[in-house]
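Read the structure below first, then the notes.
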Amino acid sequence: MRFLWSDLLWLLLIVPALIAAYVYALGRRKKIALRYASLMLVRDAIGPGQWLRRHLPAFLILLALVCALLGVARPTAVFTLPSAHQTIVLAIDVSRSMRATDIEPSRLGAAQNAVKAFIKDLPPNVRVGIVTFAATAAVVQTPTQNREDLIGAVDRFQLQRRTATGTGLLMALSLLLPNAGIDVEAEVFDSGFSRRSGGVPLEAARKSERQEFKPVPPGSYTSGAIVLLSDGRRTTGPDPLTVAKMAADRGVRVHTVGFGTKEGGPVDFEDVVIYMRFDEEALKAIAGITEGEYSHAGSAADLHNVYKNLTAKLALERRETELSALFGAAAALFALVAAMLSLLWFHRTS
């Protein structure tokens with residue numbers, strides 16, 4: 001727990017001062033009590049039941065004051081809570097290396113089964129969008145809560161040549177943040193892309209500089225995330241690390257999954273058999289830049305477990321929550337109980 005207005009905690013010094021004043025007042029009352037002619041009356045007045053009745057309302061008032069002062073200092077704490085609204089964009093590699101059979105029945109078949117299980121396990125309030133990439137990237141399903149549409153989109157994956165990991169990640173980012181002004185076509189074909197990470201189209205940047213992009217802390221965007229699955233190396237398109245920097249500047253986490261055995265699997269390219277391996281270092285770097293997580297799936301079972309773990313993580317979010325209202329409610333409750341007891345026992349408020 002931390003306090004946004006921690007300087008106001010000095011007000012808690014009022015509490016020991018009030019306790020001292022209360023003890024002083026009790027001392028004065030005790031001297032007056034000694035003037036009673038009958039010691040029996042004094043004993044009855046200071047019995048256990050009378051002691052509780054006498055001091056409990058004052059103690060509750062003190063607790064109410066402490067809670068109120070802590071609430072004024074604006075306490076906050078970080079909680080892991082179910083996400084109220086979240087969008088997950090899946091970026092799936094559909095290059096021809098996904099035909100490799102080092103994973104049964106094939107890399108593509110295992111990926112499709114795992115992705116469909118992932119979609120089914122997500123809470124119903126989470127929207128999912130799907131992007132596929134090979135030489136280019138395409139949106140095969142815009143974000144939706146309709147699980148049947150998502151499953152149908154996964155079943156329609158088509159393998160293509162080459163691997164443009166950066167383009168796929170860029171398309172996923174623009175799908176997750178449709179109002180961020182990310183022009184995918186301009187970024188992909190802009191020759192200066194590798195030197196820029198602001199995400200503003202070149203022509204728009206020349207026309208006007210009024211909309212200046214301001215980066216935010218990596219991982220600060222809590223309403224969505226990207227899951228990138230790839231089994232190969234980038235052969236075309238923009239540098240995925242540059243796109244990862246764009247995502248990080250917008251606070252978007254990218255969780256990456258390296259799919260396939262590290263030794264690679266055979267793929268028949270026009271009667272030429274090539275062993276395809278995935279670029280693990282690049283996937284780790286993408287996750288690291290965006291404060292996401294990297295996972296390796298060397299089998300169909302591994303891939304299923306990776307997506308199962310991601311389901312639990314993406315359905316929850318850690319966020320800092322202010323507790324001032326909670327402390328205020330506690331203060332009001334303590335004060336109300338003190339007033340009720342005082343009225344019940346003494347027919348007056350403390």
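Convention: chains lettered A, B, ... in structure tokens order; per-chain residue numbering from 1; ligands numbered from 1 as shown.
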Quick one: DSSP alpha helix (DSSP H) residues in range 83-148 of chain A, as a ChimeraX atom specification? /A:107-121,147-148
What's around range 112-127 of chain A at 9 Å? Count only C-alpha atoms, leave out sequence neighbours fewer than 4 positions away in its own chain, and write the answer as an NGL selection string. :A and (83-90 or 107-108 or 143-147 or 150-151 or 154-155 or 157 or 300-301 or 303-308 or 310-312 or 314-315)
List the spatial neighbours of Ala287 in chain A as a PyMOL selection string - criterion: any atom at most 12 Å away, only C-alpha atoms, same-chain residues fewer than 5 positions off excluded. chain A and resi 169+218-219+225-229+240-241+243-245+247-248+252-258+280-282+292-295
Among range 5-190 of chain A, which ones does DSSP place in strand (DSSP E or B), written as a VMD selection string? chain A and resid 75 to 82 86 to 93 95 126 to 133 137 to 144 160
So that I can see what lies close to Leu4 in chain A, please list as a short mmCIF file (atom, residue, chain, number, x, y, z; two decimals) with all heavy atoms, in the first residue's frame the residues with an atom at most 8 Å from it, counting only C-alpha atoms and leaving out residues fewer than 3 positions away in the same chain.
data_model
loop_
_atom_site.label_atom_id
_atom_site.label_comp_id
_atom_site.auth_asym_id
_atom_site.auth_seq_id
_atom_site.Cartn_x
_atom_site.Cartn_y
_atom_site.Cartn_z
N ALA A 73 -5.30 10.83 3.03
CA ALA A 73 -3.97 10.69 2.41
C ALA A 73 -4.01 9.87 1.13
O ALA A 73 -2.99 9.64 0.51
CB ALA A 73 -3.00 10.05 3.41
N ARG A 74 -5.20 9.43 0.70
CA ARG A 74 -5.42 8.71 -0.56
C ARG A 74 -4.56 7.43 -0.65
O ARG A 74 -3.63 7.35 -1.44
CB ARG A 74 -5.16 9.61 -1.75
CG ARG A 74 -6.07 10.82 -1.84
CD ARG A 74 -5.82 11.60 -3.11
NE ARG A 74 -6.12 10.81 -4.29
CZ ARG A 74 -5.84 11.20 -5.54
NH1 ARG A 74 -5.28 12.37 -5.74
NH2 ARG A 74 -6.14 10.42 -6.57
N PRO A 75 -4.90 6.41 0.13
CA PRO A 75 -4.16 5.14 0.05
C PRO A 75 -4.49 4.39 -1.24
O PRO A 75 -5.63 4.44 -1.73
CB PRO A 75 -4.65 4.38 1.28
CG PRO A 75 -6.02 4.92 1.52
CD PRO A 75 -5.97 6.37 1.13
N THR A 76 -3.50 3.70 -1.79
CA THR A 76 -3.71 2.87 -2.98
C THR A 76 -3.03 1.52 -2.77
O THR A 76 -2.08 1.40 -1.99
CB THR A 76 -3.14 3.52 -4.25
OG1 THR A 76 -1.71 3.62 -4.12
CG2 THR A 76 -3.73 4.90 -4.48
#
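Going from CA of Arg156 in chain A over to CA of Thr136 in chain A, you cover 16.4 Å.
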Would you mind listing what lies within 12 Å of Thr167 in chain A as a ChimeraX atom specification, with only C-alpha atoms counted and same-chain residues fewer than 6 positions away left out? /A:91-93,131-139,173-174,183-189,193,228,234-244
Save out the residues we just selected, N, CA and C atoms, as a compact mmCIF listing (two decimals), in the first residue's frame.
# COMPACT_ATOMS: atom_id res chain seq x y z
N ALA A 91 -1.90 -12.83 -33.30
CA ALA A 91 -1.16 -12.71 -34.56
C ALA A 91 -0.50 -14.06 -34.83
N ILE A 92 -0.97 -14.77 -35.84
CA ILE A 92 -0.57 -16.15 -36.10
C ILE A 92 0.23 -16.24 -37.39
N ASP A 93 1.38 -16.88 -37.32
CA ASP A 93 2.23 -17.12 -38.47
C ASP A 93 1.61 -18.22 -39.33
N VAL A 131 -5.25 -11.98 -36.53
CA VAL A 131 -4.46 -11.53 -37.67
C VAL A 131 -3.56 -12.68 -38.09
N THR A 132 -3.47 -12.94 -39.37
CA THR A 132 -2.51 -13.92 -39.88
C THR A 132 -1.46 -13.19 -40.71
N PHE A 133 -0.27 -13.75 -40.74
CA PHE A 133 0.79 -13.10 -41.52
C PHE A 133 1.69 -14.14 -42.16
N ALA A 134 2.12 -13.81 -43.37
CA ALA A 134 3.14 -14.57 -44.10
C ALA A 134 3.95 -13.51 -44.85
N ALA A 135 3.82 -13.42 -46.19
CA ALA A 135 4.48 -12.33 -46.91
C ALA A 135 3.83 -11.00 -46.58
N THR A 136 2.53 -11.02 -46.32
CA THR A 136 1.78 -9.85 -45.88
C THR A 136 0.96 -10.26 -44.67
N ALA A 137 0.21 -9.33 -44.15
CA ALA A 137 -0.66 -9.62 -43.01
C ALA A 137 -2.09 -9.31 -43.37
N ALA A 138 -3.02 -10.02 -42.75
CA ALA A 138 -4.44 -9.82 -43.03
C ALA A 138 -5.24 -10.01 -41.76
N VAL A 139 -6.30 -9.22 -41.64
CA VAL A 139 -7.24 -9.39 -40.52
C VAL A 139 -8.26 -10.42 -40.94
N LEU A 173 -1.33 -4.54 -33.92
CA LEU A 173 -1.34 -3.32 -33.11
C LEU A 173 -2.39 -2.34 -33.61
N SER A 174 -2.51 -2.19 -34.92
CA SER A 174 -3.52 -1.28 -35.46
C SER A 174 -4.93 -1.80 -35.21
N ASP A 183 -1.02 3.83 -39.65
CA ASP A 183 -1.27 3.52 -41.05
C ASP A 183 -0.35 2.37 -41.45
N VAL A 184 -0.88 1.15 -41.48
CA VAL A 184 -0.05 -0.03 -41.73
C VAL A 184 0.63 0.04 -43.09
N GLU A 185 -0.11 0.42 -44.12
CA GLU A 185 0.46 0.47 -45.46
C GLU A 185 1.60 1.47 -45.53
N ALA A 186 1.40 2.64 -44.96
CA ALA A 186 2.44 3.65 -44.99
C ALA A 186 3.68 3.20 -44.22
N GLU A 187 3.46 2.54 -43.10
CA GLU A 187 4.60 2.10 -42.28
C GLU A 187 5.38 0.99 -42.98
N VAL A 188 4.68 0.07 -43.61
CA VAL A 188 5.35 -1.05 -44.25
C VAL A 188 6.18 -0.60 -45.45
N PHE A 189 5.64 0.35 -46.22
CA PHE A 189 6.32 0.75 -47.45
C PHE A 189 7.17 2.01 -47.29
N PHE A 193 11.14 3.49 -42.26
CA PHE A 193 10.44 2.88 -41.13
C PHE A 193 11.40 2.44 -40.03
N LEU A 228 1.53 -13.18 -30.06
CA LEU A 228 2.18 -13.43 -31.35
C LEU A 228 2.75 -14.85 -31.36
N ARG A 234 11.89 -13.94 -39.74
CA ARG A 234 11.43 -12.88 -40.63
C ARG A 234 12.25 -12.90 -41.93
N THR A 235 11.54 -12.88 -43.06
CA THR A 235 12.21 -12.85 -44.36
C THR A 235 11.86 -11.61 -45.16
N THR A 236 10.85 -10.86 -44.71
CA THR A 236 10.45 -9.66 -45.42
C THR A 236 9.71 -8.74 -44.46
N GLY A 237 9.45 -7.53 -44.92
CA GLY A 237 8.68 -6.59 -44.10
C GLY A 237 9.53 -5.84 -43.09
N PRO A 238 8.91 -4.97 -42.31
CA PRO A 238 9.64 -4.15 -41.34
C PRO A 238 10.23 -4.98 -40.20
N ASP A 239 11.20 -4.41 -39.53
CA ASP A 239 11.85 -5.06 -38.40
C ASP A 239 10.84 -5.22 -37.26
N PRO A 240 10.58 -6.43 -36.80
CA PRO A 240 9.61 -6.61 -35.71
C PRO A 240 10.02 -5.94 -34.41
N LEU A 241 11.32 -5.73 -34.20
CA LEU A 241 11.76 -5.06 -32.98
C LEU A 241 11.37 -3.58 -33.01
N THR A 242 11.38 -2.98 -34.20
CA THR A 242 10.94 -1.59 -34.33
C THR A 242 9.45 -1.48 -34.06
N VAL A 243 8.68 -2.45 -34.57
CA VAL A 243 7.24 -2.46 -34.31
C VAL A 243 6.98 -2.71 -32.83
N ALA A 244 7.80 -3.57 -32.22
CA ALA A 244 7.66 -3.83 -30.78
C ALA A 244 7.86 -2.56 -29.98
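Candidate residues A:Ala21, A:Leu176, A:Asp149, A:Asn309 were compared for distance to Ser223 in chain A, and the nearest is A:Leu176, using only C-alpha atoms.
Proximity to Gln160 in chain A was assessed for A:Arg96, A:Glu148, A:Ser220, A:Glu104 counting only C-alpha atoms; the smallest distance is recorded for A:Arg96.
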Pick from A:Leu159, A:Ile286, A:Leu18, A:Val23: nearest to Ala100 in chain A, with only C-alpha atoms counted? A:Leu159
Judged by only C-alpha atoms, the minimum distance to Phe334 in chain A among A:Phe213, A:Ala25, A:Val128, A:Leu60 is found for A:Leu60
